[in-house]
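File shown here: run_3.txt, holding compact mmCIF, C-alpha atoms.
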```txt
# COMPACT_ATOMS: atom_id res chain seq x y z
CA MET A 1 0.00 0.00 0.00
CA PHE A 2 2.82 2.40 0.82
CA PRO A 3 4.26 2.57 -2.72
CA LEU A 4 0.78 3.46 -4.02
CA GLY A 5 0.49 6.19 -1.39
CA VAL A 6 3.85 7.92 -1.70
CA GLY A 7 4.83 7.29 -5.32
CA VAL A 8 7.07 4.70 -6.93
CA GLU A 9 10.49 6.38 -7.13
CA THR A 10 13.20 3.78 -6.55
CA GLY A 11 15.36 5.90 -4.23
CA LEU A 12 12.43 6.91 -2.05
CA LEU A 13 11.13 3.35 -1.75
CA GLN A 14 14.56 2.00 -0.85
CA LYS A 15 14.93 4.56 1.91
CA MET A 16 11.50 3.86 3.31
CA ALA A 17 11.58 0.07 3.15
CA GLY A 18 13.16 -0.60 6.56
CA GLY A 19 10.81 1.64 8.47
CA VAL A 20 7.72 0.50 6.59
CA VAL A 21 8.47 -3.18 7.16
CA TRP A 22 9.05 -2.59 10.86
CA VAL A 23 5.88 -0.57 11.38
CA ALA A 24 4.00 -3.32 9.52
CA ALA A 25 5.56 -5.95 11.79
CA LEU A 26 4.59 -3.94 14.88
CA LEU A 27 0.99 -3.56 13.75
CA ALA A 28 0.78 -7.22 12.69
CA SER A 29 1.91 -8.42 16.10
CA MET A 30 -0.45 -5.94 17.80
CA LEU A 31 -3.51 -7.05 15.80
CA ALA A 32 -3.89 -10.53 17.21
CA MET A 33 -2.57 -9.62 20.63
CA GLU A 34 -5.85 -8.93 22.39
CA ARG A 35 -7.01 -12.49 21.70
CA LEU A 36 -3.86 -14.09 23.14
CA PHE A 37 -5.22 -14.67 26.63
CA ALA A 38 -8.82 -13.45 26.17
CA GLY A 39 -10.28 -16.77 25.01
CA ASP A 40 -8.64 -18.72 27.83
CA TYR A 41 -9.73 -16.07 30.30
CA ALA A 42 -13.36 -16.22 29.16
CA ASP A 43 -13.79 -20.00 29.38
CA GLY A 44 -11.73 -20.56 32.52
CA THR A 45 -8.80 -22.34 30.86
CA LEU A 46 -6.48 -19.64 32.17
CA GLU A 47 -7.31 -20.52 35.77
CA GLN A 48 -6.46 -24.14 35.03
CA ILE A 49 -3.16 -23.00 33.48
CA LEU A 50 -2.36 -21.00 36.60
CA LEU A 51 -3.01 -24.08 38.74
CA ALA A 52 -1.16 -26.48 36.43
CA SER A 53 2.10 -28.06 37.54
CA PRO A 54 4.50 -26.64 34.89
CA PRO A 55 5.84 -23.21 35.91
CA LEU A 56 3.64 -20.41 34.61
CA PRO A 57 6.44 -18.52 32.79
CA VAL A 58 7.17 -21.64 30.72
CA ILE A 59 3.54 -21.95 29.60
CA VAL A 60 3.49 -18.23 28.86
CA LEU A 61 6.64 -18.57 26.77
CA ALA A 62 4.98 -21.41 24.82
CA LYS A 63 1.91 -19.30 24.13
CA VAL A 64 4.02 -16.35 23.01
CA THR A 65 6.07 -18.63 20.75
CA ALA A 66 2.87 -19.84 19.13
CA HIS A 67 1.82 -16.23 18.60
CA TRP A 68 5.18 -15.40 17.07
CA LEU A 69 5.00 -18.38 14.69
CA LEU A 70 1.73 -16.99 13.36
CA THR A 71 2.65 -13.27 13.15
CA GLY A 72 6.40 -12.60 13.35
CA LEU A 73 7.71 -15.56 11.36
CA PRO A 74 5.42 -15.07 8.31
CA MET A 75 6.45 -11.41 8.33
CA ALA A 76 10.10 -12.46 8.15
CA LEU A 77 9.39 -15.07 5.47
CA ILE A 78 7.81 -12.61 3.06
CA THR A 79 10.79 -10.22 3.21
CA PRO A 80 12.18 -11.34 -0.18
CA LEU A 81 8.85 -10.34 -1.69
CA ALA A 82 8.87 -6.98 0.09
CA GLY A 83 12.49 -6.54 -1.03
CA LEU A 84 11.45 -6.96 -4.65
CA GLN A 85 8.59 -4.50 -4.30
CA TYR A 86 10.86 -1.88 -2.74
CA HIS A 87 13.77 -2.44 -5.18
CA LEU A 88 16.16 -3.51 -2.42
CA PRO A 89 19.58 -5.03 -3.22
CA LEU A 90 20.33 -8.51 -1.86
CA PRO A 91 22.37 -7.46 1.26
CA ALA A 92 19.51 -5.23 2.40
CA VAL A 93 17.01 -8.09 1.99
CA GLN A 94 19.28 -10.31 4.08
CA GLY A 95 19.55 -7.57 6.70
CA MET A 96 15.77 -7.24 6.75
CA LEU A 97 15.41 -10.97 7.32
CA VAL A 98 17.93 -10.99 10.19
CA SER A 99 16.44 -7.93 11.86
CA LEU A 100 12.90 -9.31 11.70
CA LEU A 101 13.94 -12.73 12.98
CA LEU A 102 15.73 -11.14 15.94
CA GLY A 103 13.27 -8.36 16.66
CA THR A 104 9.74 -9.69 16.17
CA PRO A 105 9.95 -12.18 19.10
CA VAL A 106 10.60 -9.20 21.38
CA LEU A 107 7.51 -7.47 19.98
CA SER A 108 5.45 -10.61 20.63
CA LEU A 109 6.70 -10.80 24.23
CA LEU A 110 6.00 -7.12 24.91
CA GLY A 111 2.56 -7.39 23.31
CA ALA A 112 1.75 -10.41 25.46
CA LEU A 113 2.65 -8.35 28.53
CA GLY A 114 0.21 -5.68 27.39
CA ALA A 115 -2.44 -8.34 26.79
CA ALA A 116 -1.95 -9.81 30.26
CA LEU A 117 -2.13 -6.39 31.95
CA THR A 118 -5.32 -5.38 30.13
CA LEU A 119 -7.04 -8.77 30.36
CA GLY A 120 -10.81 -8.34 30.41
CA VAL A 121 -10.58 -4.54 30.51
CA ARG A 122 -12.81 -2.47 28.26
CA GLY A 123 -11.01 -0.86 25.30
CA GLY A 124 -8.20 -3.39 25.77
CA GLY A 125 -6.89 -3.32 22.20
CA VAL A 126 -6.22 0.41 22.07
CA LEU A 127 -4.79 0.29 25.58
CA ILE A 128 -2.30 -2.47 24.64
CA ALA A 129 -1.00 -0.27 21.84
CA LEU A 130 -0.60 2.72 24.19
CA LEU A 131 1.18 0.66 26.86
CA ILE A 132 3.50 -1.23 24.55
CA LEU A 133 4.49 1.24 21.82
CA PRO A 134 6.93 3.26 23.97
CA LEU A 135 8.58 0.02 25.12
CA SER A 136 8.97 -1.33 21.59
CA VAL A 137 10.71 1.77 20.27
CA PRO A 138 14.27 0.45 20.92
CA VAL A 139 13.54 -2.67 18.85
CA LEU A 140 12.08 -0.54 16.09
CA VAL A 141 15.06 1.85 16.08
CA TYR A 142 17.71 -0.87 15.93
CA GLY A 143 15.73 -3.07 13.53
CA ALA A 144 15.04 -0.35 10.98
CA GLY A 145 18.47 1.22 11.59
CA GLY A 146 20.23 -2.05 10.78
CA ILE A 147 18.36 -2.34 7.49
CA THR A 148 19.37 1.22 6.56
CA VAL A 149 23.02 0.43 7.30
CA CYS A 150 22.81 -2.70 5.13
CA LEU A 151 21.33 -0.62 2.37
CA ALA A 152 24.31 1.71 2.51
CA GLY A 153 26.49 -1.34 1.92
CA GLU A 154 28.09 -1.34 5.37
CA ASP A 155 28.41 -3.95 8.09
CA ALA A 156 25.41 -3.89 10.43
CA GLN A 157 26.79 -6.36 12.96
CA ALA A 158 26.55 -3.89 15.87
CA TYR A 159 22.80 -3.56 15.27
CA TRP A 160 22.26 -7.32 15.16
CA LEU A 161 24.25 -7.79 18.37
CA LEU A 162 22.14 -5.15 20.14
CA LEU A 163 18.92 -6.69 18.83
CA GLY A 164 20.15 -10.10 19.97
CA ALA A 165 20.90 -8.70 23.43
CA LEU A 166 17.40 -7.22 23.62
CA LEU A 167 15.96 -10.58 22.57
CA LEU A 168 17.92 -12.47 25.25
CA LEU A 169 16.88 -10.03 27.97
CA ALA A 170 13.27 -10.16 26.84
CA VAL A 171 13.15 -13.98 26.76
CA LEU A 172 14.71 -14.15 30.21
CA PHE A 173 12.58 -11.61 32.03
CA ILE A 174 9.33 -10.84 30.23
CA PRO A 175 7.67 -14.30 30.58
CA TRP A 176 8.13 -13.98 34.32
CA VAL A 177 6.59 -10.48 34.32
CA ILE A 178 3.69 -11.74 32.17
CA ALA A 179 3.13 -14.56 34.67
CA GLN A 180 2.93 -11.98 37.48
CA ALA A 181 0.52 -9.87 35.44
CA LEU A 182 -1.71 -12.91 34.84
CA ARG A 183 -1.77 -13.72 38.55
CA ILE A 184 -2.73 -10.12 39.31
CA ALA A 185 -5.49 -10.23 36.69
CA LEU A 186 -7.00 -13.41 38.12
CA GLU A 187 -6.69 -12.63 41.82
CA MET B 188 13.53 4.69 71.68
CA ASP B 189 11.27 2.46 69.66
CA VAL B 190 10.86 3.46 66.07
CA HIS B 191 7.57 2.46 64.50
CA TRP B 192 8.57 2.15 60.86
CA PHE B 193 5.07 1.34 59.72
CA ARG B 194 3.20 3.83 61.89
CA TYR B 195 2.46 6.12 58.94
CA ALA B 196 1.81 3.25 56.53
CA SER B 197 -1.81 3.33 57.62
CA PRO B 198 -3.99 5.76 55.65
CA ALA B 199 -5.63 6.98 58.88
CA THR B 200 -2.37 8.24 60.43
CA PHE B 201 -0.84 9.32 57.13
CA TYR B 202 -3.84 11.47 56.27
CA GLY B 203 -3.14 13.82 59.18
CA LEU B 204 0.62 13.82 58.63
CA ALA B 205 0.23 14.65 54.94
CA GLY B 206 -2.13 17.47 55.82
CA LYS B 207 0.45 18.95 58.18
CA LEU B 208 3.42 18.53 55.85
CA ALA B 209 1.84 19.63 52.56
CA PRO B 210 1.71 23.40 53.30
CA TRP B 211 5.38 23.40 54.37
CA PHE B 212 6.48 21.70 51.18
CA GLY B 213 4.08 23.75 49.08
CA TRP B 214 5.08 27.19 50.40
CA GLY B 215 8.73 26.14 50.56
CA GLY B 216 8.49 25.18 46.90
CA VAL B 217 6.82 28.45 45.91
CA LEU B 218 9.46 30.43 47.82
CA LEU B 219 12.40 28.55 46.29
CA ILE B 220 10.99 28.77 42.77
CA ALA B 221 10.45 32.53 43.23
CA VAL B 222 13.98 33.06 44.60
CA GLY B 223 15.54 30.85 41.94
CA LEU B 224 13.75 32.52 39.06
CA TYR B 225 14.45 36.03 40.42
CA TRP B 226 18.12 35.17 40.79
CA GLY B 227 18.20 33.60 37.38
CA PHE B 228 16.44 36.45 35.60
CA PHE B 229 17.94 39.48 37.36
CA GLN B 230 21.02 38.54 39.37
CA THR B 231 23.07 36.65 36.79
CA PRO B 232 25.83 38.60 35.03
CA ASP B 233 25.10 39.74 31.49
CA LEU B 234 27.62 37.69 29.57
CA LEU B 235 25.63 37.15 26.44
CA THR B 236 24.12 39.39 23.82
CA ASP B 237 20.44 40.31 23.95
CA GLN B 238 19.80 37.79 21.24
CA LYS B 239 20.99 34.95 23.43
CA GLN B 240 18.82 35.78 26.43
CA TYR B 241 16.58 32.85 25.56
CA TYR B 242 19.02 30.71 27.51
CA ARG B 243 17.00 31.66 30.62
CA ILE B 244 14.46 29.04 29.60
CA LEU B 245 16.86 26.54 31.10
CA PHE B 246 15.93 27.62 34.63
CA VAL B 247 12.56 25.97 34.02
CA HIS B 248 13.58 23.37 31.46
CA VAL B 249 16.37 21.60 33.34
CA GLY B 250 14.57 21.42 36.68
CA ALA B 251 11.46 20.07 34.99
CA ALA B 252 13.50 17.49 33.08
CA TRP B 253 15.16 16.28 36.28
CA MET B 254 11.82 16.02 38.03
CA SER B 255 10.21 14.19 35.11
CA MET B 256 12.76 11.39 35.42
CA TRP B 257 13.04 11.41 39.20
CA LEU B 258 9.29 11.29 39.79
CA TYR B 259 9.06 8.26 37.52
CA VAL B 260 11.65 6.49 39.68
CA VAL B 261 9.75 7.56 42.83
CA MET B 262 6.50 6.28 41.34
CA VAL B 263 8.06 2.90 40.50
CA GLY B 264 9.63 2.79 43.96
CA TRP B 265 6.27 3.22 45.71
CA GLY B 266 4.71 0.68 43.37
CA LEU B 267 7.39 -1.90 44.19
CA VAL B 268 7.08 -1.20 47.92
CA GLY B 269 3.37 -1.81 47.53
CA LEU B 270 3.91 -5.08 45.66
CA ALA B 271 6.45 -6.25 48.23
CA PHE B 272 4.71 -5.26 51.48
CA ASN B 273 1.14 -5.29 50.27
CA THR B 274 0.44 -1.81 51.67
CA ARG B 275 -2.48 0.15 50.25
CA LEU B 276 -0.93 3.52 50.96
CA SER B 277 2.16 2.88 48.80
CA PHE B 278 -0.03 2.31 45.76
CA MET B 279 -1.95 5.49 46.52
CA LEU B 280 1.33 7.44 46.69
CA ALA B 281 2.46 5.92 43.38
CA ALA B 282 -0.84 6.90 41.77
CA ALA B 283 -0.59 10.37 43.31
CA THR B 284 2.92 10.93 41.90
CA ALA B 285 2.04 10.08 38.30
CA PRO B 286 0.07 13.21 37.26
CA THR B 287 2.77 15.55 38.61
CA GLY B 288 5.44 13.56 36.78
CA ALA B 289 3.46 13.71 33.54
CA LEU B 290 3.03 17.45 34.05
CA PHE B 291 6.78 18.00 34.44
CA THR B 292 7.50 15.84 31.40
CA PHE B 293 5.11 17.93 29.36
CA LEU B 294 6.67 21.12 30.75
CA THR B 295 10.12 19.86 29.72
CA LEU B 296 8.99 19.17 26.17
CA TRP B 297 7.10 22.44 25.92
CA SER B 298 9.86 24.69 27.27
CA GLY B 299 12.27 22.68 25.12
CA ALA B 300 10.19 23.47 22.05
CA PHE B 301 10.52 27.21 22.77
CA TRP B 302 14.25 26.77 23.19
CA GLY B 303 14.42 24.83 19.94
CA LYS B 304 12.50 27.45 17.99
CA THR B 305 14.71 30.34 19.12
CA SER B 306 17.99 28.46 19.17
CA TRP B 307 17.82 25.88 16.39
CA GLY B 308 14.94 27.23 14.32
CA THR B 309 12.71 24.22 14.84
CA TRP B 310 10.04 23.29 17.38
CA TRP B 311 10.88 19.62 17.25
CA ASP B 312 13.53 17.29 15.98
CA TRP B 313 13.73 13.49 16.17
CA ASP B 314 16.90 13.76 18.17
CA PRO B 315 17.51 10.91 20.70
CA ARG B 316 17.25 13.22 23.71
CA MET B 317 13.90 14.70 22.72
CA THR B 318 12.52 11.39 21.50
CA SER B 319 13.35 9.59 24.74
CA GLU B 320 11.67 12.34 26.76
CA LEU B 321 8.59 11.97 24.55
CA LEU B 322 8.64 8.23 25.27
CA LEU B 323 8.67 9.04 28.98
CA LEU B 324 5.52 11.10 28.48
CA PHE B 325 3.91 8.11 26.76
CA LEU B 326 4.93 5.90 29.68
CA TYR B 327 3.19 8.25 32.11
CA VAL B 328 0.12 8.45 29.86
CA GLY B 329 0.03 4.65 29.55
CA TYR B 330 0.23 4.31 33.33
CA LEU B 331 -2.61 6.79 33.85
CA ALA B 332 -4.69 5.14 31.10
CA LEU B 333 -4.26 1.69 32.65
CA GLN B 334 -5.26 3.14 36.02
CA SER B 335 -8.47 4.60 34.67
CA ALA B 336 -9.32 1.48 32.61
CA ILE B 337 -9.24 -1.11 35.39
CA GLU B 338 -12.19 -0.80 37.73
CA ASP B 339 -11.14 -3.11 40.54
CA VAL B 340 -8.87 -1.04 42.81
CA HIS B 341 -6.82 -3.98 44.02
CA ARG B 342 -5.97 -5.11 40.50
CA ARG B 343 -5.55 -1.55 39.21
CA ASP B 344 -2.83 -0.80 41.76
CA ARG B 345 -0.85 -3.96 41.10
CA ALA B 346 -1.14 -4.00 37.31
CA SER B 347 -0.08 -0.38 36.94
CA ALA B 348 2.81 -0.81 39.38
CA LEU B 349 4.06 -3.75 37.30
CA LEU B 350 3.74 -1.74 34.09
CA ALA B 351 5.64 1.19 35.59
CA ALA B 352 8.40 -1.13 36.79
CA VAL B 353 8.85 -2.53 33.27
CA GLY B 354 8.97 1.02 31.87
CA LEU B 355 11.83 1.79 34.25
CA VAL B 356 14.25 0.26 31.71
CA LEU B 357 13.81 3.40 29.59
CA VAL B 358 14.82 5.86 32.32
CA PRO B 359 18.59 5.12 32.15
CA VAL B 360 18.36 5.56 28.38
CA ILE B 361 17.03 9.08 28.86
CA PHE B 362 19.54 9.86 31.59
CA TRP B 363 22.57 8.74 29.61
CA SER B 364 21.35 10.27 26.42
CA ILE B 365 21.83 13.67 28.09
CA ASN B 366 24.78 12.76 30.37
CA CYS B 367 26.67 10.90 27.68
CA PRO B 368 30.08 9.68 28.94
CA ASP B 369 31.83 10.18 25.59
CA PRO B 370 30.57 13.25 23.70
CA ASN B 371 32.14 12.12 20.44
CA GLN B 372 29.92 9.09 20.29
CA CYS B 373 26.61 10.80 20.79
CA SER B 374 26.37 13.90 18.67
CA ALA B 375 22.86 15.26 18.37
CA LEU B 376 21.03 18.54 18.06
CA HIS B 377 20.30 18.80 21.78
CA GLN B 378 23.44 19.74 23.70
CA GLN B 379 25.16 17.70 26.39
CA SER B 380 24.54 18.44 30.03
CA SER B 381 26.62 21.57 30.79
CA MET B 382 26.19 21.37 34.56
CA ARG B 383 29.92 21.54 35.29
CA GLU B 384 31.02 24.22 32.83
CA ILE B 385 28.42 26.81 33.60
CA GLU B 386 28.85 30.16 35.39
CA PRO B 387 28.35 29.69 39.22
CA ASN B 388 25.52 32.25 39.58
CA ILE B 389 23.52 30.57 36.86
CA ARG B 390 24.14 27.19 38.43
CA ILE B 391 22.91 28.36 41.85
CA ALA B 392 19.71 29.82 40.43
CA TRP B 393 19.16 26.69 38.43
CA LEU B 394 19.65 24.34 41.39
CA VAL B 395 17.40 26.47 43.63
CA THR B 396 14.60 26.36 41.05
CA ALA B 397 15.01 22.61 40.62
CA LEU B 398 14.79 22.14 44.40
CA GLY B 399 11.66 24.32 44.40
CA PHE B 400 10.12 22.09 41.74
CA TRP B 401 10.95 19.10 43.91
CA LEU B 402 9.22 20.54 46.97
CA TYR B 403 6.23 21.49 44.85
CA ALA B 404 6.07 17.91 43.54
CA VAL B 405 6.10 16.53 47.10
CA ALA B 406 3.32 18.92 48.16
CA ALA B 407 1.17 18.10 45.13
CA THR B 408 1.67 14.37 45.71
CA LEU B 409 0.73 14.63 49.39
CA LEU B 410 -2.43 16.60 48.64
CA ARG B 411 -3.43 14.21 45.88
CA ALA B 412 -2.75 11.23 48.15
CA ARG B 413 -5.08 12.79 50.75
CA ASN B 414 -7.84 12.97 48.14
CA LEU B 415 -7.23 9.35 47.13
CA ILE B 416 -7.41 8.27 50.77
CA LEU B 417 -10.76 10.01 51.20
CA LEU B 418 -12.03 8.45 47.97
CA ARG B 419 -10.99 4.92 48.80
CA GLU B 420 -11.49 4.87 52.56
CA GLY B 421 -14.74 6.82 52.42
CA ARG B 422 -16.68 4.21 54.36
CA ALA B 423 -14.21 3.94 57.23
CA GLN B 424 -15.20 5.17 60.68
CA TRP B 425 -12.23 7.54 61.09
CA VAL B 426 -13.09 9.34 57.86
CA SER B 427 -16.62 10.15 59.00
CA ASN B 428 -15.16 11.45 62.28
CA LEU B 429 -13.00 14.01 60.45
CA GLN B 430 -13.94 17.63 60.97
CA GLU B 431 -13.88 18.55 57.28
CA VAL B 432 -16.05 15.54 56.39
CA ARG B 433 -18.65 16.31 59.06
CA ALA B 434 -18.97 19.91 57.92
```
Same coordinates, now as structure tokens:
Amino acid sequence: MFPLGVGVETGLLQKMAGGVVWVAALLASMLAMERLFAGDYADGTLEQILLASPPLPVIVLAKVTAHWLLTGLPMALITPLAGLQYHLPLPAVQGMLVSLLLGTPVLSLLGALGAALTLGVRGGGVLIALLILPLSVPVLVYGAGGITVCLAGEDAQAYWLLLGALLLLAVLFIPWVIAQALRIALE
Amino acid sequence: MDVHWFRYASPATFYGLAGKLAPWFGWGGVLLIAVGLYWGFFQTPDLLTDQKQYYRILFVHVGAAWMSMWLYVVMVGWGLVGLAFNTRLSFMLAAATAPTGALFTFLTLWSGAFWGKTSWGTWWDWDPRMTSELLLLFLYVGYLALQSAIEDVHRRDRASALLAAVGLVLVPVIFWSINCPDPNQCSALHQQSSMREIEPNIRIAWLVTALGFWLYAVAATLLRARNLILLREGRAQWVSNLQEVRA
């Protein structure tokens, strides 16, 4: 849609591609987020999960992984197509793939935190976006920044390392925070 | 002497204490802000040309920026105390701090926009220092929105405290974006912190105003906490015995 909106100049599209792909990824992960725990919450499954013997953060991580497989991974897999549409050279397409693979899991984790905090609250979807967007800005900056560096033909390793560090931190801590948020919601 | 650490953790005792302390902090804050601004506007030496007098915005801007970050840390601190000790009052204090913090964040951005227009010729730039302050405003707004969305008070307090604690990861980013250890590695439109290089008179006025802002923030928080106590404890016996409630 973006090329139709802003015009089809090659230079302009190349410059925009990184940012556009990342905003699309953010919105894609946000769209399904409200439903992540809502169904389980409505029919009581979530209470059973809280009482189940496996640690809650592990179950949460499994649910978030499932969400990522359905939103983040497809986004990463269609990058070659997006690369063609935006006239990107091969290194930039590779960079886009790496940045999305590293960054979208973090978006899924953050979104799940928003979903857990706003569970069963009216206007939840909009609220998730408001709560989570400021926290996802670092991922967005490094993800889109790395693509831009690739486009300039330089080595973007520093960006990938930072994104990887964010991913590790997020996988370590956020499932635990989500578990706390779920316990608070169901008290 | 026995020290009762938790004596004022009860809303009933804290209500009176806050009522006694608030005027001191409030008038102290007004006095310090007045002295600081007077000193800053009239008692600093004229080193710069008339054109550069816009620098006096910093007497408001810097103090507000410090408070915007500090109040966020205070808010998270009270939230964590509440989560750890399960005290109702801590959550009320956290909730009472948030609007003042959001106000100071907005004041920072607003006074910064005036600075930017006169100094750099633009109201806004996507410079890391401004952007991170804008994110802080969104964090405050998100916290306030979550508070107003959840109806159950018990859950509201805990959920928003958890959210604020997660948002704390952004505060060091803001702090080090302005106090960057190596200036060569973080060039941006907004200048580095010039705390140490500045003329002593200017620094005194600036610190006095910042301290005044701090006292004002404490007073506003105490008064708001008193309102929250009345709202939430409205059915308690001690509230209906209060003079102002009877009248």
Can I get the residues of chain A within 9 Å of chain B, each with the closest pair of atoms and their distance in Å to one decimal, using all atoms listed in the file, sorted chain first then ascending number, as CSV?
```
residue,atom,partner,partner_atom,distance
A:Leu113,CA,B:Leu350,CA,8.7
A:Gly114,CA,B:Leu350,CA,8.5
A:Leu117,CA,B:Ala346,CA,6.0
A:Thr118,CA,B:Leu333,CA,7.6
A:Gly120,CA,B:Ile337,CA,8.9
A:Val121,CA,B:Ile337,CA,6.1
A:Arg122,CA,B:Ala336,CA,6.8
A:Gly123,CA,B:Ala336,CA,7.9
A:Gly124,CA,B:Ala336,CA,8.5
A:Leu127,CA,B:Leu333,CA,7.2
A:Ile128,CA,B:Gly329,CA,9.0
A:Leu130,CA,B:Gly329,CA,5.7
A:Leu131,CA,B:Gly329,CA,4.9
A:Ile132,CA,B:Gly329,CA,8.5
A:Leu133,CA,B:Phe325,CA,8.5
A:Pro134,CA,B:Leu322,CA,5.4
A:Leu135,CA,B:Gly354,CA,6.8
A:Val137,CA,B:Leu322,CA,8.4
A:Ile174,CA,B:Val353,CA,8.9
A:Val177,CA,B:Leu349,CA,7.8
A:Gln180,CA,B:Leu349,CA,8.3
A:Ala181,CA,B:Ala346,CA,6.4
A:Ile184,CA,B:Arg342,CA,6.1
A:Ala185,CA,B:Arg342,CA,6.4
A:Leu186,CA,B:Arg342,CA,8.7
A:Glu187,CA,B:Arg342,CA,7.7
```
Could you write those residues out with C-alpha atoms, as a JSON list (two decimals), keeping the file's coordinate frame?
```json
[["chain", "number", "residue", "atom", "x", "y", "z"],
["A", 113, "LEU", "CA", 2.65, -8.35, 28.53],
["A", 114, "GLY", "CA", 0.21, -5.68, 27.39],
["A", 117, "LEU", "CA", -2.13, -6.39, 31.95],
["A", 118, "THR", "CA", -5.32, -5.38, 30.13],
["A", 120, "GLY", "CA", -10.81, -8.34, 30.41],
["A", 121, "VAL", "CA", -10.58, -4.54, 30.51],
["A", 122, "ARG", "CA", -12.81, -2.47, 28.26],
["A", 123, "GLY", "CA", -11.01, -0.86, 25.30],
["A", 124, "GLY", "CA", -8.20, -3.39, 25.77],
["A", 127, "LEU", "CA", -4.79, 0.29, 25.58],
["A", 128, "ILE", "CA", -2.30, -2.47, 24.64],
["A", 130, "LEU", "CA", -0.60, 2.72, 24.19],
["A", 131, "LEU", "CA", 1.18, 0.66, 26.86],
["A", 132, "ILE", "CA", 3.50, -1.23, 24.55],
["A", 133, "LEU", "CA", 4.49, 1.24, 21.82],
["A", 134, "PRO", "CA", 6.93, 3.26, 23.97],
["A", 135, "LEU", "CA", 8.58, 0.02, 25.12],
["A", 137, "VAL", "CA", 10.71, 1.77, 20.27],
["A", 174, "ILE", "CA", 9.33, -10.84, 30.23],
["A", 177, "VAL", "CA", 6.59, -10.48, 34.32],
["A", 180, "GLN", "CA", 2.93, -11.98, 37.48],
["A", 181, "ALA", "CA", 0.52, -9.87, 35.44],
["A", 184, "ILE", "CA", -2.73, -10.12, 39.31],
["A", 185, "ALA", "CA", -5.49, -10.23, 36.69],
["A", 186, "LEU", "CA", -7.00, -13.41, 38.12],
["A", 187, "GLU", "CA", -6.69, -12.63, 41.82]]
```
Exercise for review: Provide the CA of Gly72 (chain A) to CA of Asp314 (chain B) distance in Å, to one decimal place.
Suggested key: 28.8 Å
Exercise for review: Kindly indicate which residue among A:Pro175, A:Gly18, A:Pro80, A:Gly164 lies nearest to Gln94 (chain A), using all atoms listed in the file for the distances.
Suggested key: A:Pro80
Check your understanding: Quick one: residues within 9 Å of Tyr259 (chain B), all atoms listed in the file counted, chain neighbours fewer than 3 positions away excluded, as a PyMOL selection string?
Key -> chain B and resi 254-256+262-264+284-285+288-289+323+327+351+355+358
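Counting all atoms listed in the file, the residue from B:Gly308, B:Gly227, B:Gly299, B:Gly421 that sits nearest to Leu394 (chain B) is B:Gly227.
Among the candidate residues B:Ala407, B:Ala412, B:Val268, B:Ala392, the one lying nearest to Arg243 (chain B) is B:Ala392, with distances computed using only C-alpha atoms.
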Exercise for review: Find the spatial neighbours of Tyr159 (chain A), counting only C-alpha atoms, within a cut-off of 9 Å - ignore same-chain residues fewer than 4 positions away - and output them as JSON, numbers by chain.
Suggested key: {"A": [99, 142, 143, 145, 146, 149, 163, 164]}
Practice item. Identify which of the residues A:Ile49, A:Ala38, A:Ala92, A:Leu140 lies closest to Ala62 (chain A), counting all atoms listed in the file when measuring atom-to-atom distances. Key: A:Ile49
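A straight line drawn from CA of Val405 (chain B) to CA of Gly213 (chain B) is 7.8 Å long.
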Fix up region 274-283 of chain B with N, CA and C atoms, then write it as a PDB file, keeping the file's coordinate frame.
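For reference, selection27.pdb as written:
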```
ATOM      1  N   THR B 274       1.011  -2.937  50.945  1.00  0.00           N
ATOM      2  CA  THR B 274       0.440  -1.810  51.670  1.00  0.00           C
ATOM      3  C   THR B 274      -0.387  -0.960  50.709  1.00  0.00           C
ATOM      4  N   ARG B 275      -1.599  -0.625  51.126  1.00  0.00           N
ATOM      5  CA  ARG B 275      -2.480   0.150  50.250  1.00  0.00           C
ATOM      6  C   ARG B 275      -1.930   1.544  50.000  1.00  0.00           C
ATOM      7  N   LEU B 276      -1.343   2.123  51.056  1.00  0.00           N
ATOM      8  CA  LEU B 276      -0.930   3.520  50.960  1.00  0.00           C
ATOM      9  C   LEU B 276       0.162   3.722  49.907  1.00  0.00           C
ATOM     10  N   SER B 277       1.080   2.735  49.783  1.00  0.00           N
ATOM     11  CA  SER B 277       2.160   2.880  48.800  1.00  0.00           C
ATOM     12  C   SER B 277       1.595   3.023  47.396  1.00  0.00           C
ATOM     13  N   PHE B 278       0.574   2.218  47.086  1.00  0.00           N
ATOM     14  CA  PHE B 278      -0.030   2.310  45.760  1.00  0.00           C
ATOM     15  C   PHE B 278      -0.690   3.670  45.563  1.00  0.00           C
ATOM     16  N   MET B 279      -1.312   4.175  46.644  1.00  0.00           N
ATOM     17  CA  MET B 279      -1.950   5.490  46.520  1.00  0.00           C
ATOM     18  C   MET B 279      -0.898   6.562  46.250  1.00  0.00           C
ATOM     19  N   LEU B 280       0.267   6.449  46.924  1.00  0.00           N
ATOM     20  CA  LEU B 280       1.330   7.440  46.690  1.00  0.00           C
ATOM     21  C   LEU B 280       1.849   7.331  45.262  1.00  0.00           C
ATOM     22  N   ALA B 281       2.005   6.099  44.771  1.00  0.00           N
ATOM     23  CA  ALA B 281       2.460   5.920  43.380  1.00  0.00           C
ATOM     24  C   ALA B 281       1.469   6.588  42.428  1.00  0.00           C
ATOM     25  N   ALA B 282       0.179   6.316  42.653  1.00  0.00           N
ATOM     26  CA  ALA B 282      -0.840   6.900  41.770  1.00  0.00           C
ATOM     27  C   ALA B 282      -0.863   8.415  41.902  1.00  0.00           C
ATOM     28  N   ALA B 283      -0.556   8.930  43.107  1.00  0.00           N
ATOM     29  CA  ALA B 283      -0.590  10.370  43.310  1.00  0.00           C
ATOM     30  C   ALA B 283       0.610  11.064  42.673  1.00  0.00           C
TER      31      ALA B 283
END
```
